[in-house]
Amino acid sequence: TALEVATWLEGQPAIARVRYPGLASHHQHAVAKRQMTNGFGGMLSIQLRGGAEAALTVARRLRVFLRATSLGGTESLVEHRATAEGPGSIAPPDLLRLSIGLECPSDLIRDLQDGLRGA
């Protein structure tokens, strides 16, 4: 599911960068492919072209993804890492971390599509 979501996100104009080792575009994809023989995991991050304000707006608009700081469980989560870490964070201000859960990929993509609308 994470690979399907990451692949969809890569084609979105509001997204500046998708960080997911399962994507061929990831700078460490070859290493991940060798080491991660049972899949690439459910964690990914995105950076938005509109900066911190766009990232926060998208996170607020999501309805299927829950806003939480966690490595995840069965539900999909979104986190604005710079806010979670507070002042002095080294996380890029335009970055959202996504933990992909067990929901249907099309539901997650639709939620992201709605969240990205106008971003």
# chains A, B, ... in the order shown; residues from 1 in each chain; ligands from 1
call {"tool": "residues_around", "arguments": {"residues": "segment 41-52 of chain A", "least_positions_apart": "2", "cutoff": "7 Å", "atoms": "only C-alpha atoms", "output": "list in words"}}
result
Ala2, Ala14, Ile15, Ala16, Arg17, Val18, Arg19, Tyr20, Gly39, Ala54, Ala55, Leu56, Pro93, Asp94, Leu95, Leu96, Arg97, Leu98, Ser99, Ile100 and Ala119 of chain A
call {"tool": "select_by_dssp", "arguments": {"residues": "segment 20-106 of chain A", "states": "alpha helix (DSSP H)", "output": "list in words"}}
result
His29, Ala30, Val31, Ala32, Lys33, Arg34, Gln35, Gly51, Ala52, Glu53, Ala54, Ala55, Leu56, Thr57, Val58, Ala59, Arg60, Arg61, Arg81, Ala82, Thr83, Ala84, Glu85, Pro105 and Ser106 of chain A
call {"tool": "atom_distance", "arguments": {"atom1": "atom CA of Arg34 of chain A", "atom2": "atom CA of Trp8 of chain A"}}
result
23.5 Å
call {"tool": "closest_residue", "arguments": {"among": "A:Arg60, A:Ile90, A:Thr83, A:Glu75", "to": "Asp114 of chain A", "atoms": "only C-alpha atoms"}}
result
A:Arg60
call {"tool": "residues_around", "arguments": {"residues": "Pro21 of chain A", "least_positions_apart": "6", "cutoff": "9 Å", "atoms": "only C-alpha atoms", "output": "PyMOL selection string"}}
result
chain A and resi 3+27-33+40-41+44
call {"tool": "write_last_selection", "arguments": {"atoms": "C-alpha atoms", "output": "PDB file, in the first residue's frame"}}
result
ATOM      1  CA  LEU A   3       4.432   1.882  -2.522  1.00  0.00           C
ATOM      2  CA  HIS A  27      18.786   7.707  -3.947  1.00  0.00           C
ATOM      3  CA  GLN A  28      19.196   4.484  -1.907  1.00  0.00           C
ATOM      4  CA  HIS A  29      16.697   2.336  -3.838  1.00  0.00           C
ATOM      5  CA  ALA A  30      19.312  -0.224  -4.957  1.00  0.00           C
ATOM      6  CA  VAL A  31      20.497  -0.738  -1.373  1.00  0.00           C
ATOM      7  CA  ALA A  32      16.916  -0.963  -0.083  1.00  0.00           C
ATOM      8  CA  LYS A  33      16.032  -3.500  -2.775  1.00  0.00           C
ATOM      9  CA  PHE A  40       9.897  -1.449   1.799  1.00  0.00           C
ATOM     10  CA  GLY A  41       7.817  -0.719   4.883  1.00  0.00           C
ATOM     11  CA  LEU A  44       7.329   7.633   3.848  1.00  0.00           C
TER      12      LEU A  44
END
call {"tool": "atom_distance", "arguments": {"atom1": "atom CA of Phe65 of chain A", "atom2": "atom CA of Thr1 of chain A"}}
result
13.7 Å
call {"tool": "atom_distance", "arguments": {"atom1": "atom CA of Leu116 of chain A", "atom2": "atom CA of Thr7 of chain A"}}
result
15.2 Å
call {"tool": "select_by_dssp", "arguments": {"residues": "segment 31-81 of chain A", "states": "strand (DSSP E or B)", "output": "ChimeraX atom specification"}}
result
/A:43-48,66-67,77-79
call {"tool": "residues_around", "arguments": {"residues": "Ile109 of chain A", "least_positions_apart": "2", "cutoff": "9 Å", "atoms": "only C-alpha atoms", "output": "NGL selection string"}}
result
:A and (4-5 or 8-9 or 104-107 or 111-114)
call {"tool": "write_last_selection", "arguments": {"atoms": "all heavy atoms", "output": "compact mmCIF listing (two decimals), in the first residue's frame"}}
result
# COMPACT_ATOMS: atom_id res chain seq x y z
N GLU A 4 2.18 2.01 -3.42
CA GLU A 4 1.12 2.55 -4.29
C GLU A 4 0.86 4.03 -3.98
O GLU A 4 0.75 4.85 -4.89
CB GLU A 4 -0.17 1.72 -4.11
CG GLU A 4 -1.24 2.05 -5.10
CD GLU A 4 -2.42 1.10 -5.03
OE1 GLU A 4 -2.29 -0.03 -4.53
OE2 GLU A 4 -3.51 1.51 -5.49
N VAL A 5 0.81 4.36 -2.70
CA VAL A 5 0.59 5.75 -2.29
C VAL A 5 1.79 6.61 -2.71
O VAL A 5 1.62 7.70 -3.27
CB VAL A 5 0.33 5.84 -0.77
CG1 VAL A 5 0.35 7.29 -0.29
CG2 VAL A 5 -0.99 5.18 -0.41
N TRP A 8 1.80 7.29 -6.43
CA TRP A 8 0.80 8.29 -6.78
C TRP A 8 1.29 9.69 -6.40
O TRP A 8 1.17 10.63 -7.18
CB TRP A 8 -0.54 7.98 -6.11
CG TRP A 8 -1.58 8.99 -6.43
CD1 TRP A 8 -2.38 9.02 -7.54
CD2 TRP A 8 -1.92 10.15 -5.66
NE1 TRP A 8 -3.19 10.13 -7.50
CE2 TRP A 8 -2.93 10.83 -6.36
CE3 TRP A 8 -1.47 10.66 -4.46
CZ2 TRP A 8 -3.51 12.01 -5.88
CZ3 TRP A 8 -2.04 11.83 -3.98
CH2 TRP A 8 -3.05 12.49 -4.70
N LEU A 9 1.84 9.82 -5.21
CA LEU A 9 2.31 11.13 -4.73
C LEU A 9 3.40 11.70 -5.63
O LEU A 9 3.47 12.91 -5.82
CB LEU A 9 2.83 11.01 -3.29
CG LEU A 9 1.76 10.91 -2.21
CD1 LEU A 9 2.35 10.41 -0.91
CD2 LEU A 9 1.07 12.25 -2.03
N CYS A 104 -7.71 0.87 2.71
CA CYS A 104 -7.67 0.63 1.27
C CYS A 104 -6.82 1.73 0.60
O CYS A 104 -7.02 2.92 0.90
CB CYS A 104 -9.10 0.66 0.72
SG CYS A 104 -9.20 0.42 -1.05
N PRO A 105 -5.88 1.35 -0.27
CA PRO A 105 -5.04 2.36 -0.92
C PRO A 105 -5.84 3.47 -1.61
O PRO A 105 -5.46 4.64 -1.53
CB PRO A 105 -4.22 1.56 -1.94
CG PRO A 105 -4.22 0.18 -1.42
CD PRO A 105 -5.53 0.00 -0.69
N SER A 106 -6.94 3.11 -2.24
CA SER A 106 -7.73 4.14 -2.94
C SER A 106 -8.34 5.14 -1.96
O SER A 106 -8.47 6.33 -2.28
CB SER A 106 -8.81 3.51 -3.82
OG SER A 106 -9.72 2.78 -3.05
N ASP A 107 -8.68 4.71 -0.74
CA ASP A 107 -9.19 5.64 0.28
C ASP A 107 -8.09 6.60 0.73
O ASP A 107 -8.34 7.79 0.92
CB ASP A 107 -9.74 4.89 1.49
CG ASP A 107 -11.02 4.13 1.20
OD1 ASP A 107 -11.69 4.45 0.18
OD2 ASP A 107 -11.34 3.20 1.96
N ASP A 111 -8.02 10.65 0.07
CA ASP A 111 -7.84 11.58 1.18
C ASP A 111 -6.68 12.54 0.89
O ASP A 111 -6.80 13.75 1.10
CB ASP A 111 -7.58 10.79 2.46
CG ASP A 111 -7.70 11.63 3.72
OD1 ASP A 111 -8.54 12.56 3.75
OD2 ASP A 111 -6.97 11.34 4.68
N LEU A 112 -5.58 12.01 0.38
CA LEU A 112 -4.45 12.87 0.03
C LEU A 112 -4.80 13.82 -1.12
O LEU A 112 -4.40 14.99 -1.10
CB LEU A 112 -3.24 12.00 -0.34
CG LEU A 112 -2.57 11.31 0.85
CD1 LEU A 112 -1.67 10.18 0.38
CD2 LEU A 112 -1.81 12.31 1.70
N GLN A 113 -5.55 13.31 -2.07
CA GLN A 113 -5.98 14.16 -3.18
C GLN A 113 -6.81 15.33 -2.67
O GLN A 113 -6.59 16.50 -3.06
CB GLN A 113 -6.79 13.32 -4.16
CG GLN A 113 -7.14 13.99 -5.45
CD GLN A 113 -7.79 13.00 -6.42
OE1 GLN A 113 -8.51 12.10 -6.01
NE2 GLN A 113 -7.53 13.18 -7.69
N ASP A 114 -7.72 15.06 -1.74
CA ASP A 114 -8.53 16.12 -1.15
C ASP A 114 -7.66 17.08 -0.34
O ASP A 114 -7.84 18.29 -0.40
CB ASP A 114 -9.61 15.53 -0.24
CG ASP A 114 -10.71 14.81 -1.00
OD1 ASP A 114 -10.81 14.99 -2.24
OD2 ASP A 114 -11.46 14.04 -0.37
call {"tool": "residues_around", "arguments": {"residues": "Ser70 of chain A", "least_positions_apart": "2", "cutoff": "12 Å", "atoms": "only C-alpha atoms", "output": "ChimeraX atom specification"}}
result
/A:43,66-68,72-81,84,97-101
call {"tool": "closest_residue", "arguments": {"among": "A:His26, A:Gly118, A:Asn38, A:Val64", "to": "Leu102 of chain A", "atoms": "only C-alpha atoms"}}
result
A:Val64
call {"tool": "residues_around", "arguments": {"residues": "Arg61 of chain A", "least_positions_apart": "2", "cutoff": "8 Å", "atoms": "only C-alpha atoms", "output": "PyMOL selection string"}}
result
chain A and resi 57-59+63+114-115
call {"tool": "decode", "arguments": {"residues": "segment 70-97 of chain A", "atoms": "N, CA and C atoms", "output": "CSV table (one decimal), in the first residue's frame"}}
result
chain,number,residue,atom,x,y,z
A,70,SER,N,3.9,9.0,15.9
A,70,SER,CA,4.0,7.5,16.2
A,70,SER,C,4.6,6.8,15.1
A,71,LEU,N,5.1,5.7,15.3
A,71,LEU,CA,5.6,4.8,14.2
A,71,LEU,C,4.5,4.1,13.6
A,72,GLY,N,3.3,4.2,14.1
A,72,GLY,CA,2.1,3.7,13.5
A,72,GLY,C,1.6,2.4,14.1
A,73,GLY,N,0.5,2.1,13.7
A,73,GLY,CA,-0.2,0.8,14.1
A,73,GLY,C,-0.9,0.3,12.9
A,74,THR,N,-2.2,0.1,13.1
A,74,THR,CA,-3.0,-0.3,11.9
A,74,THR,C,-3.6,0.8,11.2
A,75,GLU,N,-3.7,2.0,11.8
A,75,GLU,CA,-4.3,3.2,11.1
A,75,GLU,C,-3.2,4.0,10.5
A,76,SER,N,-3.6,4.7,9.4
A,76,SER,CA,-2.6,5.6,8.8
A,76,SER,C,-2.5,7.0,9.5
A,77,LEU,N,-1.3,7.4,9.6
A,77,LEU,CA,-1.0,8.6,10.4
A,77,LEU,C,-0.3,9.7,9.6
A,78,VAL,N,-0.4,10.9,10.0
A,78,VAL,CA,0.3,12.0,9.3
A,78,VAL,C,0.9,12.9,10.5
A,79,GLU,N,2.1,13.3,10.3
A,79,GLU,CA,2.8,14.2,11.3
A,79,GLU,C,3.6,15.2,10.6
A,80,HIS,N,3.5,16.5,11.1
A,80,HIS,CA,4.4,17.5,10.7
A,80,HIS,C,5.5,17.5,11.7
A,81,ARG,N,6.6,16.9,11.2
A,81,ARG,CA,7.8,16.6,12.1
A,81,ARG,C,8.4,17.8,12.8
A,82,ALA,N,8.5,18.9,12.0
A,82,ALA,CA,9.1,20.1,12.6
A,82,ALA,C,8.3,20.7,13.8
A,83,THR,N,6.9,20.6,13.7
A,83,THR,CA,6.1,21.0,14.8
A,83,THR,C,6.2,20.0,16.0
A,84,ALA,N,6.3,18.8,15.7
A,84,ALA,CA,6.4,17.8,16.7
A,84,ALA,C,7.7,17.9,17.5
A,85,GLU,N,8.7,18.3,16.8
A,85,GLU,CA,10.0,18.4,17.5
A,85,GLU,C,10.2,19.8,18.2
A,86,GLY,N,9.5,20.8,17.7
A,86,GLY,CA,9.5,22.1,18.3
A,86,GLY,C,10.7,22.9,17.8
A,87,PRO,N,10.9,24.1,18.5
A,87,PRO,CA,12.0,25.0,18.1
A,87,PRO,C,13.4,24.2,18.0
A,88,GLY,N,14.1,24.6,17.0
A,88,GLY,CA,15.4,24.0,16.8
A,88,GLY,C,15.4,22.7,16.0
A,89,SER,N,14.2,22.3,15.6
A,89,SER,CA,14.1,21.0,14.8
A,89,SER,C,14.9,21.1,13.5
A,90,ILE,N,15.5,20.0,13.2
A,90,ILE,CA,16.3,20.0,11.9
A,90,ILE,C,15.4,19.4,10.8
A,91,ALA,N,14.2,19.0,11.1
A,91,ALA,CA,13.3,18.5,10.0
A,91,ALA,C,12.9,19.7,9.1
A,92,PRO,N,12.9,19.4,7.8
A,92,PRO,CA,12.5,20.5,6.9
A,92,PRO,C,11.1,20.9,7.2
A,93,PRO,N,10.8,22.2,7.2
A,93,PRO,CA,9.5,22.7,7.6
A,93,PRO,C,8.4,22.4,6.6
A,94,ASP,N,8.7,21.9,5.4
A,94,ASP,CA,7.8,21.5,4.4
A,94,ASP,C,7.5,20.0,4.4
A,95,LEU,N,8.0,19.3,5.3
A,95,LEU,CA,7.9,17.9,5.3
A,95,LEU,C,6.8,17.3,6.2
A,96,LEU,N,6.1,16.4,5.6
A,96,LEU,CA,5.1,15.6,6.3
A,96,LEU,C,5.5,14.1,6.3
A,97,ARG,N,5.4,13.5,7.5
A,97,ARG,CA,5.8,12.1,7.6
A,97,ARG,C,4.4,11.3,7.6
